[in-house]
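Next comes work.txt, with compact mmCIF, C-alpha atoms.
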# COMPACT_ATOMS: atom_id res chain seq x y z
CA ASP R 251 38.50 18.48 -6.17
CA GLU R 252 41.88 18.46 -7.90
CA ALA R 253 44.87 16.26 -7.16
CA PRO R 254 47.98 18.14 -6.02
CA LYS R 255 50.43 18.80 -8.86
CA GLY R 256 53.20 17.01 -6.95
CA ALA R 257 51.15 13.81 -6.88
CA LEU R 258 50.72 13.89 -10.65
CA ALA R 259 54.44 14.43 -11.17
CA LYS R 260 55.22 11.48 -8.87
CA ALA R 261 52.77 9.31 -10.82
CA VAL R 262 54.43 10.23 -14.11
CA VAL R 263 57.90 9.50 -12.71
CA SER R 264 56.63 6.21 -11.27
CA THR R 265 55.20 5.18 -14.63
CA GLN R 266 58.42 6.10 -16.40
CA SER R 267 60.55 4.17 -13.94
CA THR R 268 58.28 1.13 -14.33
CA GLY R 269 58.83 1.31 -18.08
CA GLU R 270 62.58 1.58 -17.53
CA HIS R 271 62.52 -1.41 -15.18
CA GLN R 272 60.66 -3.46 -17.78
CA LYS R 273 63.16 -2.46 -20.47
CA ASN R 274 66.10 -3.35 -18.19
CA TYR R 275 64.50 -6.68 -17.35
CA GLU R 276 63.96 -7.53 -21.02
CA GLU R 277 67.58 -6.64 -21.83
CA TYR R 278 68.78 -8.82 -18.94
CA ILE R 279 66.67 -11.76 -20.16
CA GLN R 280 68.03 -11.40 -23.71
CA GLN R 281 71.62 -11.37 -22.44
CA ARG R 282 71.02 -14.47 -20.31
CA LEU R 283 69.33 -16.28 -23.21
CA GLN R 284 72.27 -15.51 -25.52
CA LYS R 285 74.73 -16.86 -22.95
CA GLY R 286 72.68 -20.03 -22.59
CA ALA R 287 72.11 -19.36 -18.89
CA LEU R 288 68.32 -19.25 -19.36
CA ASN R 289 66.07 -21.48 -21.40
CA GLN R 290 62.46 -20.75 -22.26
CA ILE R 291 60.27 -23.78 -21.80
CA ALA R 292 58.06 -24.74 -24.71
CA ALA R 293 54.32 -24.12 -24.53
CA ALA R 294 53.69 -27.88 -24.60
CA GLU R 295 56.06 -28.44 -21.68
CA ARG R 296 54.40 -25.60 -19.75
CA GLN R 297 50.97 -27.13 -20.40
CA ALA R 298 52.16 -30.62 -19.42
CA THR R 299 53.55 -29.24 -16.16
CA LEU R 300 50.32 -27.39 -15.49
CA ASP R 301 48.24 -30.50 -16.23
CA GLY R 302 50.46 -32.57 -13.93
CA LEU R 303 50.11 -30.09 -11.07
CA LYS R 304 46.33 -30.05 -11.49
CA LYS R 305 46.21 -33.85 -11.53
CA ASN R 306 48.33 -33.99 -8.35
CA TRP R 307 45.99 -31.48 -6.68
CA GLU R 308 42.92 -33.50 -7.68
CA GLU R 309 44.41 -36.75 -6.33
CA LEU R 310 45.43 -35.06 -3.07
CA HIS R 311 42.00 -33.43 -2.77
CA LEU R 312 40.30 -36.80 -3.23
CA GLN R 313 42.45 -38.25 -0.42
CA TYR R 314 41.71 -35.19 1.71
CA GLN R 315 37.96 -35.64 1.25
CA GLY R 316 38.32 -39.21 2.47
CA LEU R 317 39.81 -38.11 5.78
CA SER R 318 37.82 -38.46 8.95
CA VAL R 319 35.98 -35.31 9.93
CA VAL R 320 37.05 -35.86 13.52
CA THR R 321 40.77 -35.24 14.02
CA ASP R 322 40.92 -36.65 17.52
CA THR R 323 44.51 -37.89 17.41
CA ALA R 324 47.78 -36.08 16.75
CA PRO R 325 48.66 -38.20 13.67
CA LYS R 326 45.24 -37.50 12.10
CA LYS R 327 45.61 -33.79 12.76
CA ALA R 328 49.18 -33.75 11.42
CA ARG R 329 48.18 -35.62 8.25
CA LYS R 330 45.27 -33.25 7.62
CA GLU R 331 47.49 -30.18 8.12
CA ARG R 332 50.20 -31.63 5.85
CA MET R 333 47.68 -32.33 3.10
CA GLU R 334 46.20 -28.83 3.42
CA ALA R 335 49.69 -27.31 3.12
CA GLU R 336 50.49 -29.45 0.06
CA MET R 337 47.22 -28.48 -1.64
CA LYS R 338 47.84 -24.80 -0.88
CA GLN R 339 51.35 -25.01 -2.40
CA LEU R 340 50.00 -26.78 -5.49
CA GLU R 341 47.33 -24.07 -5.88
CA LYS R 342 50.03 -21.40 -5.62
CA ASP R 343 52.19 -23.16 -8.24
CA ILE R 344 49.23 -23.59 -10.59
CA ASP R 345 48.32 -19.90 -10.26
CA THR R 346 51.91 -18.87 -10.98
CA ILE R 347 52.14 -20.97 -14.13
CA GLU R 348 48.70 -19.87 -15.34
CA LYS R 349 49.62 -16.21 -14.78
CA HIS R 350 52.89 -16.38 -16.75
CA LYS R 351 52.69 -17.53 -20.36
CA ILE R 352 56.46 -17.36 -20.85
CA ILE R 353 58.61 -19.25 -18.34
CA TYR R 354 62.37 -19.32 -18.19
CA VAL R 355 64.38 -21.96 -16.36
CA THR R 356 68.02 -22.03 -15.36
CA ASP R 357 70.42 -24.70 -14.16
CA ASN R 358 72.31 -22.15 -12.04
CA PHE R 359 70.98 -21.19 -8.65

Represent the supplied structure as structure tokens.
Amino acid sequence: DEAPKGALAKAVVSTQSTGEHQKNYEEYIQQRLQKGALNQIAAAERQATLDGLKKNWEELHLQYQGLSVVTDTAPKKARKERMEAEMKQLEKDIDTIEKHKIIYVTDNF
């Protein structure tokens, strides 16, 4: 059961273009760093940010656990949904920072 030759050629081209994209990205980052438009945050700052996000999640989770199980009123339901959304966003931010060891920030948006 062999793969069609066209599929292999597409895979090779795809791999090459991925390598080219990575090279272009690295060149772009170097140019931006030289111009002062990007700054790499220090490992300690990254870790402090990560620790702060985790602490915020833990505090919010503790409050969430203290909520009434019965959400019989609109304000209770709204508060629970807001807290769930905040915890989900914190989890997403934590995952992003944990996934990327090098983080660049910019003042320009």

Checklist entry - So which residues touch stretch 308-313 of chain R within 9 Å, counting only C-alpha atoms, skipping near sequence neighbours fewer than 2 positions away, as an NGL selection string? => result :R and (303-306 or 315-317 or 333-334 or 336-337)

Stretch 277-287 of chain R, all listed atoms, 8 Å padding on each side: what axis-aligned box centre and edge lengths in Å to one decimal come out, as lines of an AutoDock Vina configuration file?
center_x = 70.7
center_y = -13.3
center_z = -22.2
size_x = 24.1
size_y = 29.4
size_z = 22.6

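Between atom CA of R:Asp322 and atom CA of R:Leu340 the separation is 26.6 Å.
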
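With distances restricted to all atoms listed in the file, R:Thr299 is the closest residue to R:Glu348 from R:Asn274, R:Gln281, R:Thr299, R:Asn289.
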
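Taking atom CA of R:Thr356 as the reference point, atom CA of R:Gly302 is found at 20.5 Å.
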
Item to check | Atom pair atom CA of R:Arg282 / atom CA of R:Lys349: separation (Å) | outcome: 22.2 Å

Take stretch 306-317 of chain R, bring it up to N, CA, C and O atoms, and give me the output as a PDB file, in the frame of the given file.
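As written to disk, out.pdb reads:
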ATOM      1  N   ASN R 306      47.849 -33.741  -9.714  1.00  0.00           N
ATOM      2  CA  ASN R 306      48.330 -33.990  -8.350  1.00  0.00           C
ATOM      3  C   ASN R 306      47.391 -33.365  -7.321  1.00  0.00           C
ATOM      4  O   ASN R 306      47.090 -33.972  -6.286  1.00  0.00           O
ATOM      5  N   TRP R 307      46.912 -32.150  -7.605  1.00  0.00           N
ATOM      6  CA  TRP R 307      45.990 -31.480  -6.680  1.00  0.00           C
ATOM      7  C   TRP R 307      44.698 -32.281  -6.558  1.00  0.00           C
ATOM      8  O   TRP R 307      44.193 -32.464  -5.461  1.00  0.00           O
ATOM      9  N   GLU R 308      44.174 -32.746  -7.700  1.00  0.00           N
ATOM     10  CA  GLU R 308      42.920 -33.500  -7.680  1.00  0.00           C
ATOM     11  C   GLU R 308      43.061 -34.806  -6.884  1.00  0.00           C
ATOM     12  O   GLU R 308      42.172 -35.166  -6.103  1.00  0.00           O
ATOM     13  N   GLU R 309      44.185 -35.508  -7.069  1.00  0.00           N
ATOM     14  CA  GLU R 309      44.410 -36.750  -6.330  1.00  0.00           C
ATOM     15  C   GLU R 309      44.527 -36.472  -4.831  1.00  0.00           C
ATOM     16  O   GLU R 309      43.958 -37.201  -4.015  1.00  0.00           O
ATOM     17  N   LEU R 310      45.262 -35.423  -4.479  1.00  0.00           N
ATOM     18  CA  LEU R 310      45.430 -35.060  -3.070  1.00  0.00           C
ATOM     19  C   LEU R 310      44.090 -34.627  -2.477  1.00  0.00           C
ATOM     20  O   LEU R 310      43.761 -34.989  -1.345  1.00  0.00           O
ATOM     21  N   HIS R 311      43.305 -33.889  -3.247  1.00  0.00           N
ATOM     22  CA  HIS R 311      42.000 -33.430  -2.770  1.00  0.00           C
ATOM     23  C   HIS R 311      41.066 -34.613  -2.540  1.00  0.00           C
ATOM     24  O   HIS R 311      40.313 -34.631  -1.558  1.00  0.00           O
ATOM     25  N   LEU R 312      41.132 -35.602  -3.405  1.00  0.00           N
ATOM     26  CA  LEU R 312      40.300 -36.800  -3.230  1.00  0.00           C
ATOM     27  C   LEU R 312      40.684 -37.524  -1.942  1.00  0.00           C
ATOM     28  O   LEU R 312      39.814 -37.945  -1.176  1.00  0.00           O
ATOM     29  N   GLN R 313      41.986 -37.645  -1.675  1.00  0.00           N
ATOM     30  CA  GLN R 313      42.450 -38.250  -0.420  1.00  0.00           C
ATOM     31  C   GLN R 313      41.998 -37.418   0.777  1.00  0.00           C
ATOM     32  O   GLN R 313      41.582 -37.957   1.800  1.00  0.00           O
ATOM     33  N   TYR R 314      42.086 -36.100   0.640  1.00  0.00           N
ATOM     34  CA  TYR R 314      41.710 -35.190   1.710  1.00  0.00           C
ATOM     35  C   TYR R 314      40.229 -35.344   2.060  1.00  0.00           C
ATOM     36  O   TYR R 314      39.842 -35.338   3.224  1.00  0.00           O
ATOM     37  N   GLN R 315      39.400 -35.480   1.018  1.00  0.00           N
ATOM     38  CA  GLN R 315      37.960 -35.640   1.250  1.00  0.00           C
ATOM     39  C   GLN R 315      37.645 -36.950   1.963  1.00  0.00           C
ATOM     40  O   GLN R 315      36.641 -37.062   2.635  1.00  0.00           O
ATOM     41  N   GLY R 316      38.526 -37.930   1.819  1.00  0.00           N
ATOM     42  CA  GLY R 316      38.320 -39.210   2.470  1.00  0.00           C
ATOM     43  C   GLY R 316      38.764 -39.245   3.926  1.00  0.00           C
ATOM     44  O   GLY R 316      38.552 -40.239   4.616  1.00  0.00           O
ATOM     45  N   LEU R 317      39.375 -38.166   4.387  1.00  0.00           N
ATOM     46  CA  LEU R 317      39.810 -38.110   5.780  1.00  0.00           C
ATOM     47  C   LEU R 317      38.616 -38.048   6.716  1.00  0.00           C
ATOM     48  O   LEU R 317      37.561 -37.534   6.372  1.00  0.00           O
TER      49      LEU R 317
END
